[in-house]
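*Asks:* Provided below: run.cif, containing mmCIF, C-alpha atoms and all ligand atoms.
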```cif
data_final
#
loop_
_atom_site.label_atom_id
_atom_site.label_comp_id
_atom_site.auth_asym_id
_atom_site.auth_seq_id
_atom_site.Cartn_x
_atom_site.Cartn_y
_atom_site.Cartn_z
CA MET Z 14 -29.65 -3.52 -13.84
CA ILE Z 15 -27.14 -5.63 -11.93
CA LYS Z 16 -29.14 -8.71 -11.12
CA THR Z 17 -28.26 -11.38 -8.67
CA GLN Z 18 -26.01 -12.26 -5.85
CA ARG Z 19 -24.77 -15.30 -7.76
CA GLU Z 20 -23.35 -13.31 -10.66
CA LYS Z 21 -19.57 -12.89 -10.30
CA LEU Z 22 -19.13 -9.15 -9.90
CA CYS Z 23 -15.95 -7.23 -9.17
CA VAL Z 24 -15.62 -3.59 -8.19
CA ILE Z 25 -12.06 -2.39 -8.80
CA THR Z 26 -11.28 0.66 -6.70
CA MET Z 27 -8.23 2.87 -6.70
CA ASP Z 28 -7.32 5.57 -4.20
CA VAL Z 29 -5.66 8.51 -5.92
CA GLU Z 30 -3.86 10.42 -3.20
CA PRO Z 31 -0.52 12.03 -2.23
CA ASP Z 32 2.48 9.68 -2.53
CA TRP Z 33 3.43 7.67 0.56
CA THR Z 34 -0.10 8.34 1.90
CA GLY Z 35 0.97 11.92 2.49
CA TYR Z 36 4.33 11.37 4.20
CA ALA Z 37 6.21 12.70 1.19
CA ARG Z 38 6.60 16.22 2.53
CA GLY Z 39 9.27 18.19 0.73
CA CYS Z 40 9.25 15.82 -2.28
CA PRO Z 41 7.04 15.86 -5.34
CA GLN Z 42 3.74 14.57 -3.95
CA TYR Z 43 2.00 13.20 -7.01
CA GLU Z 44 4.61 11.15 -8.87
CA GLY Z 45 2.34 8.12 -8.41
CA VAL Z 46 -0.31 9.49 -10.74
CA LYS Z 47 2.08 8.64 -13.59
CA ALA Z 48 0.88 5.05 -13.07
CA LEU Z 49 -2.66 5.95 -14.05
CA ARG Z 50 -2.20 5.61 -17.80
CA LYS Z 51 -0.83 2.07 -17.61
CA PHE Z 52 -3.54 1.21 -15.07
CA VAL Z 53 -6.22 2.45 -17.49
CA SER Z 54 -4.62 0.36 -20.27
CA LEU Z 55 -4.81 -2.67 -17.98
CA LEU Z 56 -8.51 -1.98 -17.33
CA GLU Z 57 -9.15 -1.68 -21.06
CA SER Z 58 -7.42 -5.00 -21.70
CA ILE Z 59 -9.90 -6.77 -19.41
CA GLN Z 60 -12.91 -4.65 -20.47
CA GLY Z 61 -12.97 -3.41 -16.90
CA THR Z 62 -14.00 -0.21 -15.21
CA CYS Z 63 -12.95 1.37 -11.92
CA THR Z 64 -14.15 3.58 -9.11
CA PHE Z 65 -11.49 6.16 -8.38
CA PHE Z 66 -11.56 7.54 -4.85
CA VAL Z 67 -9.68 10.75 -5.48
CA CYS Z 68 -8.40 13.33 -3.02
CA ALA Z 69 -9.51 16.76 -4.19
CA SER Z 70 -5.84 17.78 -4.14
CA ALA Z 71 -5.16 15.15 -6.84
CA ALA Z 72 -8.27 15.76 -8.93
CA GLN Z 73 -6.51 17.68 -11.73
CA HIS Z 74 -3.86 14.95 -12.01
CA LEU Z 75 -6.53 12.29 -12.40
CA LEU Z 76 -8.43 14.37 -14.95
CA ALA Z 77 -5.26 14.79 -17.03
CA ALA Z 78 -4.47 11.08 -16.89
CA LEU Z 79 -7.95 10.00 -17.93
CA ASP Z 80 -8.01 12.41 -20.91
CA ASP Z 81 -11.45 12.23 -22.43
CA LYS Z 82 -12.21 8.87 -20.82
CA ALA Z 83 -13.30 10.13 -17.39
CA SER Z 84 -16.95 9.37 -18.11
CA SER Z 85 -16.12 5.65 -18.44
CA TYR Z 86 -15.22 5.58 -14.76
CA GLU Z 87 -16.75 6.54 -11.46
CA ILE Z 88 -15.12 9.42 -9.63
CA ALA Z 89 -15.77 9.28 -5.89
CA SER Z 90 -14.26 11.25 -3.03
CA HIS Z 91 -11.28 10.43 -0.83
CA GLY Z 92 -11.37 13.74 1.06
CA LEU Z 93 -9.37 16.89 0.53
CA ASN Z 94 -5.72 15.90 0.94
CA HIS Z 95 -5.75 12.56 2.82
CA THR Z 96 -6.00 13.97 6.34
CA PRO Z 97 -7.95 11.45 8.44
CA LEU Z 98 -11.37 12.89 9.25
CA THR Z 99 -11.12 11.43 12.74
CA ARG Z 100 -8.21 13.78 13.44
CA ILE Z 101 -9.85 17.08 12.63
CA PRO Z 102 -12.30 18.97 14.86
CA PRO Z 103 -15.86 17.60 14.51
CA ASN Z 104 -17.21 20.95 13.34
CA GLU Z 105 -14.81 20.84 10.37
CA VAL Z 106 -15.66 17.32 9.18
CA GLY Z 107 -18.75 18.34 7.22
CA LEU Z 108 -16.96 21.36 5.73
CA GLU Z 109 -14.06 19.21 4.57
CA ILE Z 110 -16.34 16.59 2.98
CA LYS Z 111 -18.35 19.35 1.25
CA ALA Z 112 -15.23 21.17 0.03
CA SER Z 113 -13.71 18.00 -1.44
CA GLY Z 114 -16.99 17.09 -3.12
CA ARG Z 115 -17.28 20.55 -4.62
CA ILE Z 116 -13.76 20.48 -6.11
CA ILE Z 117 -14.31 17.00 -7.55
CA GLU Z 118 -17.64 18.05 -9.04
CA GLU Z 119 -16.09 21.19 -10.57
CA THR Z 120 -13.26 19.12 -12.03
CA PHE Z 121 -15.24 16.18 -13.43
CA LYS Z 122 -18.71 17.79 -13.81
CA VAL Z 123 -20.27 14.92 -11.85
CA LYS Z 124 -21.23 15.05 -8.18
CA PRO Z 125 -19.55 12.24 -6.24
CA VAL Z 126 -21.97 9.93 -4.41
CA GLY Z 127 -19.38 7.66 -2.83
CA PHE Z 128 -16.73 8.28 -0.23
CA ARG Z 129 -13.73 6.44 1.18
CA CYS Z 130 -12.26 7.78 4.41
CA PRO Z 131 -8.57 8.76 4.20
CA MET Z 132 -6.27 6.22 5.90
CA GLY Z 133 -9.31 3.96 6.37
CA MET Z 134 -10.20 5.92 9.50
CA SER Z 135 -13.89 6.45 10.06
CA SER Z 136 -16.20 6.88 13.01
CA ARG Z 137 -19.91 6.92 13.74
CA PHE Z 138 -19.81 10.72 13.45
CA VAL Z 139 -17.99 10.71 10.10
CA ILE Z 140 -20.30 8.13 8.54
CA LYS Z 141 -23.38 9.92 9.85
CA THR Z 142 -22.07 13.19 8.40
CA LEU Z 143 -21.74 11.48 5.00
CA ALA Z 144 -25.34 10.27 5.30
CA THR Z 145 -26.46 13.79 6.25
CA LEU Z 146 -24.71 15.16 3.16
CA GLN Z 147 -26.62 12.61 1.06
CA TYR Z 148 -23.73 10.44 0.06
CA VAL Z 149 -25.20 7.19 -1.26
CA TYR Z 150 -22.41 4.96 -0.02
CA ASP Z 151 -19.17 4.72 1.91
CA SER Z 152 -16.49 2.17 1.06
CA THR Z 153 -14.03 2.26 3.93
CA PHE Z 154 -14.58 -0.80 6.08
CA LEU Z 155 -12.19 -3.70 5.80
CA PRO Z 156 -13.56 -6.68 7.72
CA SER Z 157 -10.29 -8.31 8.67
CA ILE Z 158 -8.54 -8.38 12.03
CA TYR Z 159 -6.31 -5.59 10.74
CA HIS Z 160 -9.08 -2.98 10.91
CA LEU Z 161 -11.64 -4.25 13.34
CA SER Z 162 -10.28 -2.97 16.60
CA ARG Z 163 -11.52 0.42 15.41
CA PHE Z 164 -15.14 -0.55 15.92
CA ARG Z 165 -16.07 -0.46 19.56
CA ASN Z 166 -18.95 -2.91 19.48
CA ILE Z 167 -17.34 -5.40 17.15
CA GLY Z 168 -14.06 -5.88 18.95
CA ASN Z 169 -11.57 -8.20 17.38
CA ASP Z 170 -13.96 -10.77 16.00
CA PRO Z 171 -13.98 -10.27 12.22
CA HIS Z 172 -16.72 -12.85 11.81
CA ARG Z 173 -19.21 -10.50 13.43
CA PHE Z 174 -18.66 -8.04 10.63
CA PRO Z 175 -20.59 -8.11 7.34
CA THR Z 176 -18.44 -8.82 4.30
CA LEU Z 177 -21.05 -7.90 1.68
CA PRO Z 178 -22.63 -4.46 1.15
CA PHE Z 179 -25.09 -3.52 3.88
CA LYS Z 180 -27.07 -0.53 5.04
CA ILE Z 181 -26.09 1.39 8.16
CA ARG Z 182 -29.10 2.95 9.87
CA PHE Z 183 -28.92 5.76 12.38
CA GLN Z 184 -32.01 5.21 14.47
CA GLU Z 185 -32.16 8.63 16.07
CA SER Z 186 -32.45 10.45 12.76
CA SER Z 187 -33.86 8.00 10.19
CA LEU Z 188 -30.68 8.57 8.16
CA SER Z 189 -29.00 5.66 6.44
CA ILE Z 190 -26.08 5.01 4.11
CA ILE Z 191 -24.85 1.95 2.23
CA GLU Z 192 -21.51 0.55 3.29
CA ILE Z 193 -19.53 -1.30 0.61
CA PRO Z 194 -16.75 -3.07 2.54
CA ILE Z 195 -13.45 -3.92 0.89
CA SER Z 196 -13.61 -7.66 0.33
CA VAL Z 197 -11.76 -10.33 2.20
CA SER Z 198 -11.44 -13.94 1.08
CA THR Z 199 -13.98 -16.28 2.62
CA ARG Z 200 -11.13 -18.27 4.14
CA PHE Z 201 -8.55 -16.49 6.31
CA ARG Z 202 -10.09 -13.09 5.52
CA ILE Z 203 -7.22 -11.92 3.35
CA PRO Z 204 -8.06 -8.46 1.98
CA ALA Z 205 -8.49 -8.13 -1.79
CA GLY Z 206 -5.89 -5.45 -2.23
CA SER Z 207 -2.63 -5.00 -4.06
CA TYR Z 208 -1.18 -3.78 -0.76
CA TRP Z 209 -1.53 -7.31 0.61
CA MET Z 210 -0.22 -8.90 -2.58
CA GLN Z 211 3.00 -6.89 -2.48
CA LEU Z 212 3.38 -7.49 1.24
CA ILE Z 213 3.35 -11.27 0.96
CA GLY Z 214 5.28 -11.38 -2.32
CA THR Z 215 4.84 -13.08 -5.65
CA ARG Z 216 4.72 -16.77 -4.81
CA LEU Z 217 2.38 -16.63 -1.85
CA SER Z 218 0.16 -14.11 -3.65
CA ALA Z 219 -0.17 -16.35 -6.68
CA LEU Z 220 -1.02 -19.29 -4.47
CA LEU Z 221 -3.50 -17.45 -2.27
CA TYR Z 222 -5.15 -15.19 -4.76
CA GLU Z 223 -5.60 -17.80 -7.44
CA SER Z 224 -6.90 -20.52 -5.17
CA LEU Z 225 -8.95 -18.84 -2.48
CA PHE Z 226 -12.65 -18.43 -2.84
CA TRP Z 227 -13.73 -14.83 -3.36
CA PRO Z 228 -17.12 -13.46 -2.40
CA THR Z 229 -19.28 -11.70 -4.94
CA PRO Z 230 -19.41 -8.82 -5.29
CA LEU Z 231 -15.65 -8.70 -4.89
CA VAL Z 232 -14.51 -5.20 -3.94
CA MET Z 233 -10.78 -4.77 -4.38
CA TYR Z 234 -8.48 -1.83 -3.84
CA THR Z 235 -5.18 -0.42 -4.95
CA HIS Z 236 -3.36 2.93 -4.90
CA SER Z 237 -1.94 4.93 -7.79
CA TRP Z 238 1.36 5.61 -5.99
CA THR Z 239 2.08 2.00 -5.00
CA ILE Z 240 1.97 0.49 -8.49
CA THR Z 241 4.75 2.50 -10.06
CA ASP Z 242 8.37 3.12 -9.16
CA ILE Z 243 8.35 6.54 -7.54
CA PRO Z 244 11.51 7.99 -6.00
CA ARG Z 245 12.21 7.34 -2.35
CA CYS Z 246 11.58 10.34 -0.16
CA GLU Z 247 13.19 11.50 3.04
CA GLY Z 248 10.76 11.79 5.88
CA VAL Z 249 8.83 8.64 5.00
CA PRO Z 250 8.91 6.46 8.13
CA ILE Z 251 10.87 3.23 7.71
CA LEU Z 252 7.77 1.28 8.70
CA VAL Z 253 5.95 2.67 5.67
CA ASP Z 254 8.88 2.59 3.25
CA LYS Z 255 10.75 -0.68 3.83
CA VAL Z 256 8.41 -2.76 5.97
CA GLY Z 257 5.01 -1.66 4.72
CA TYR Z 258 5.83 -1.75 1.01
CA PRO Z 259 8.71 -4.17 0.34
CA ASN Z 260 7.40 -5.15 -3.12
CA ARG Z 261 5.68 -2.00 -4.26
CA GLY Z 262 6.09 -0.32 -7.65
CA GLU Z 263 6.38 -2.39 -10.82
CA LYS Z 264 6.29 -5.64 -8.82
CA GLU Z 265 2.98 -4.71 -7.26
CA PHE Z 266 1.56 -3.67 -10.63
CA LYS Z 267 2.52 -7.05 -12.08
CA LEU Z 268 0.74 -8.88 -9.25
CA LEU Z 269 -2.31 -6.68 -9.66
CA SER Z 270 -2.51 -7.25 -13.40
CA GLN Z 271 -2.11 -11.01 -12.97
CA PHE Z 272 -4.91 -11.02 -10.43
CA LEU Z 273 -7.29 -8.91 -12.53
CA LYS Z 274 -6.65 -11.04 -15.60
CA HIS Z 275 -7.31 -14.12 -13.48
CA LEU Z 276 -10.67 -12.64 -12.42
CA LYS Z 277 -11.53 -11.95 -16.04
CA ARG Z 278 -10.64 -15.51 -17.04
CA THR Z 279 -12.77 -16.96 -14.27
CA GLY Z 280 -15.86 -15.05 -15.32
CA PHE Z 281 -15.97 -11.92 -13.17
CA LYS Z 282 -17.79 -8.91 -14.60
CA PHE Z 283 -16.46 -5.47 -13.63
CA VAL Z 284 -18.83 -2.82 -12.31
CA LYS Z 285 -18.58 0.52 -10.52
CA ALA Z 286 -19.24 0.87 -6.80
CA ARG Z 287 -22.03 3.32 -7.58
CA GLU Z 288 -23.78 0.73 -9.75
CA LEU Z 289 -23.58 -1.71 -6.90
CA ALA Z 290 -25.05 0.80 -4.45
CA GLU Z 291 -27.83 1.99 -6.73
CA GLN Z 292 -28.66 -0.93 -8.96
CA TRP Z 293 -27.67 -4.16 -7.30
CA ASN Z 294 -30.94 -5.97 -7.08
CA VAL Z 295 -30.38 -7.75 -3.79
CA PRO Z 296 -32.02 -6.67 -0.53
CA LEU Z 297 -29.34 -5.30 1.76
CA ASN Z 298 -28.92 -6.32 5.38
CA VAL Z 299 -29.57 -3.44 7.73
CA VAL Z 300 -27.15 -2.89 10.59
CA GLU Z 301 -27.90 -0.34 13.29
CA ALA Z 302 -25.05 2.13 13.79
CA ASP Z 303 -25.17 1.32 17.50
CA GLU Z 304 -24.18 -2.26 16.74
CA ILE Z 305 -20.96 -1.03 15.14
CA TRP Z 306 -19.81 1.86 17.29
ZN ZN A 401 -6.01 6.60 0.99
#
```
Spit out the file's structure as structure tokens when you get a sec.

*Replies:*
Amino acid sequence: MIKTQREKLCVITMDVEPDWTGYARGCPQYEGVKALRKFVSLLESIQGTCTFFVCASAAQHLLAALDDKASSYEIASHGLNHTPLTRIPPNEVGLEIKASGRIIEETFKVKPVGFRCPMGMSSRFVIKTLATLQYVYDSTFLPSIYHLSRFRNIGNDPHRFPTLPFKIRFQESSLSIIEIPISVSTRFRIPAGSYWMQLIGTRLSALLYESLFWPTPLVMYTHSWTITDIPRCEGVPILVDKVGYPNRGEKEFKLLSQFLKHLKRTGFKFVKARELAEQWNVPLNVVEADEIW
């Protein structure tokens, strides 16, 4: 049983998906999964665990990389092939979530109970569909200015958005689902993700990530394809390639490992998102879906 809010808990999450978030058409699409073995070694060195949000299209790659260690980790769903669920017809959303869940279950022999929406794009309809399909939790929201304009009733005020896990209730149907937001620092709301570390570079990352106060549970995220040096690919927009990921690859992996080791040194305990959703012994705030969308 995970006990109290005061305990320093960290959920490490990794999205395992096509390289360049799916822009790598015409190139090998899963070179990034080669980073998984060194990532797992890093986790072992800090006695950590991880929740992998895997696209069904990458499930076999993840299985191969984890060897016989898959049961030490949580395998959750990141959709079929990283197509945003907000961009497909509504009558296909449920089918796509079910199909990805089925492939992941067949591959890992465990039914996923958690979901992260591809490209961080969710909607009231998508989240309600997850609740209908009995997903225990979603972990998509990122309560910083960067993401908030997506939520109609929250606008651009990040401070109106919960930063700790909460329950979303859909009044009309008595459905509910737990939302586990990606963490932001309590000051400046800097997201706890290796994407942000590589974006701001080594010095600023070290300064910010070592000194800022982190909430607990701390939910952080990374991607398999951004922490290893994969070949450049034609067709990747310059905004994604040069501007969005100036320090990706080995540099990003170094920042990530420094940060995780720092967490270990400062007393964080590593748990899976599922454990947080099912065992965290703290009453969750309830937010009506209508307050969000
Ligand atoms: Zn993703």

*Asks:* What residues of the protein or nucleic acid chains come within 9 Å of ligand ZN 401 (chain A) when you use all atoms listed in the file? Reply as a ChimeraX atom specification.

*Replies:* /Z:27-31,34-35,66-68,91-92,95,129-133,236

*Asks:* Could you turn the residues from that selection into a file that holds C-alpha atoms, as a PDB file, in the frame of the given file?

*Replies:*
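What ended up in selection.pdb:
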```
ATOM      1  CA  MET Z  27      -8.230   2.870  -6.700  1.00  0.00           C
ATOM      2  CA  ASP Z  28      -7.320   5.570  -4.200  1.00  0.00           C
ATOM      3  CA  VAL Z  29      -5.660   8.510  -5.920  1.00  0.00           C
ATOM      4  CA  GLU Z  30      -3.860  10.420  -3.200  1.00  0.00           C
ATOM      5  CA  PRO Z  31      -0.520  12.030  -2.230  1.00  0.00           C
ATOM      6  CA  THR Z  34      -0.100   8.340   1.900  1.00  0.00           C
ATOM      7  CA  GLY Z  35       0.970  11.920   2.490  1.00  0.00           C
ATOM      8  CA  PHE Z  66     -11.560   7.540  -4.850  1.00  0.00           C
ATOM      9  CA  VAL Z  67      -9.680  10.750  -5.480  1.00  0.00           C
ATOM     10  CA  CYS Z  68      -8.400  13.330  -3.020  1.00  0.00           C
ATOM     11  CA  HIS Z  91     -11.280  10.430  -0.830  1.00  0.00           C
ATOM     12  CA  GLY Z  92     -11.370  13.740   1.060  1.00  0.00           C
ATOM     13  CA  HIS Z  95      -5.750  12.560   2.820  1.00  0.00           C
ATOM     14  CA  ARG Z 129     -13.730   6.440   1.180  1.00  0.00           C
ATOM     15  CA  CYS Z 130     -12.260   7.780   4.410  1.00  0.00           C
ATOM     16  CA  PRO Z 131      -8.570   8.760   4.200  1.00  0.00           C
ATOM     17  CA  MET Z 132      -6.270   6.220   5.900  1.00  0.00           C
ATOM     18  CA  GLY Z 133      -9.310   3.960   6.370  1.00  0.00           C
ATOM     19  CA  HIS Z 236      -3.360   2.930  -4.900  1.00  0.00           C
TER      20      HIS Z 236
END
```

*Asks:* With only C-alpha atoms as the basis for distance, which of Z:Pro259, Z:Pro204, Z:Gly280, Z:Gly127 is at the shortest distance from Tyr234 of chain Z?

*Replies:*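 Ranking Z:Pro259, Z:Pro204, Z:Gly280, Z:Gly127 by distance to Tyr234 of chain Z, first place goes to Z:Pro204.
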
*Asks:* Name the residues in contact with Ala78 of chain Z at a cut-off of 8 Å, using only C-alpha atoms, excluding same-chain residues fewer than 5 positions from it; report them as a list in words.

*Replies:*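 Those residues are Val46, Lys47, Leu49 and Arg50 of chain Z.
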
*Asks:* Just give me the residues with any atom within 12 Å of (-23.8, 15.5, 7.5), file coordinates, counting all atoms listed in the file, written as a list in words.

*Replies:*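 The answer, in the requested form, is Pro103, Asn104, Glu105, Val106, Gly107, Leu108, Glu109, Ile110, Lys111, Arg137, Phe138, Val139, Ile140, Lys141, Thr142, Leu143, Ala144, Thr145, Leu146, Gln147, Tyr148, Ser186, Leu188, Ser189 and Ile190 of chain Z.
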
*Asks:* Quick one: distance from atom CA of Ser187 of chain Z to atom CA of Val149 of chain Z in Å, one decimal?

*Replies:*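 These atoms are spaced 14.4 Å apart.
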
*Asks:* Let me make sure I understand: among Z:Ile191, Z:Val232, Z:Ile116, Z:Ile203, which one has the smallest atom-to-atom distance to Asp151 of chain Z if we use all atoms listed in the file?

*Replies:*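 The answer is Z:Ile191, which sits nearest to Asp151 of chain Z.
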
*Asks:* I'd like to know which of Z:Tyr43, Z:Phe272, Z:Tyr86, Z:Phe226 is closest to Thr26 of chain Z, using only C-alpha atoms.

*Replies:* Z:Tyr86

*Asks:* Counting all atoms listed in the file, what is within 12 Å of Gly61 of chain Z, bar same-chain residues fewer than 5 positions away, as a CSV table (one decimal) with C-alpha atoms, keeping the file's coordinate frame?

*Replies:*
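Result went into around-v6.csv, see below:
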```
chain,number,residue,atom,x,y,z
Z,22,LEU,CA,-19.1,-9.2,-9.9
Z,23,CYS,CA,-16.0,-7.2,-9.2
Z,24,VAL,CA,-15.6,-3.6,-8.2
Z,25,ILE,CA,-12.1,-2.4,-8.8
Z,26,THR,CA,-11.3,0.7,-6.7
Z,52,PHE,CA,-3.5,1.2,-15.1
Z,53,VAL,CA,-6.2,2.4,-17.5
Z,54,SER,CA,-4.6,0.4,-20.3
Z,55,LEU,CA,-4.8,-2.7,-18.0
Z,56,LEU,CA,-8.5,-2.0,-17.3
Z,85,SER,CA,-16.1,5.6,-18.4
Z,86,TYR,CA,-15.2,5.6,-14.8
Z,87,GLU,CA,-16.8,6.5,-11.5
Z,270,SER,CA,-2.5,-7.2,-13.4
Z,273,LEU,CA,-7.3,-8.9,-12.5
Z,274,LYS,CA,-6.6,-11.0,-15.6
Z,276,LEU,CA,-10.7,-12.6,-12.4
Z,277,LYS,CA,-11.5,-12.0,-16.0
Z,281,PHE,CA,-16.0,-11.9,-13.2
Z,282,LYS,CA,-17.8,-8.9,-14.6
Z,283,PHE,CA,-16.5,-5.5,-13.6
Z,284,VAL,CA,-18.8,-2.8,-12.3
Z,285,LYS,CA,-18.6,0.5,-10.5
```

*Asks:* Within 9 Å of (-18.7, -7.4, 5.8), all atoms listed in the file: residues as a list in words?

*Replies:*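 All residues meeting the 9 Å criterion around (-18.7, -7.4, 5.8) are Phe154, Leu155, Pro156, Ser157, Pro171, His172, Arg173, Phe174, Pro175, Thr176, Leu177, Pro178, Phe179, Glu192, Ile193, Pro194, Ile195, Ser196 and Val197 of chain Z.
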
*Asks:* Extract, using all atoms listed in the file, all DNA, RNA and protein residues at most 8 Å from segment 244-254 of chain Z, discarding same-chain residues fewer than 3 positions from it, and format them as a list in words.

*Replies:* Trp33, Tyr36, Ala37, Arg38, Cys40, Gly257, Tyr258 and Pro259 of chain Z

*Asks:* Could you check the closest approach to Ile15 of chain Z for each of Z:Leu220, Z:Ile181, Z:Leu75, Z:Ala290 and tell me which residue wins, using all atoms listed in the file?

*Replies:*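 Answer, going by the shortest atom-to-atom distance: Z:Ala290.
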
*Asks:* Nearest to Asp32 of chain Z among Z:Asp242, Z:Glu57, Z:Glu288, Z:Glu119, with distances taken over all atoms listed in the file: which residue is it?

*Replies:*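 Result for the nearest residue to Asp32 of chain Z: Z:Asp242.
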
*Asks:* Please measure the separation of atom CA of Ser224 of chain Z and atom CA of Ser237 of chain Z, giving the value in Å to one decimal.

*Replies:*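 Going from atom CA of Ser224 of chain Z over to atom CA of Ser237 of chain Z covers 26.1 Å.
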
*Asks:* Select, from Z:Lys122, Z:Arg100, Z:Lys21, Z:Arg182, the residue with the minimum atom-to-atom distance to Asp303 of chain Z, counting all atoms listed in the file.

*Replies:*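 Residue with the minimum atom-to-atom distance to Asp303 of chain Z: Z:Arg182.
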
*Asks:* Find the distance between atom CA of Ile240 of chain Z and atom CA of Ser207 of chain Z and write it in Å to one decimal.

*Replies:* 8.4 Å

*Asks:* Applying 6 Å and all atoms listed in the file, which residues near segment 209-215 of chain Z remain after dropping the ones on its own chain fewer than 6 positions away? List them as number ranges by chain.

*Replies:* Z: 260-261, 265
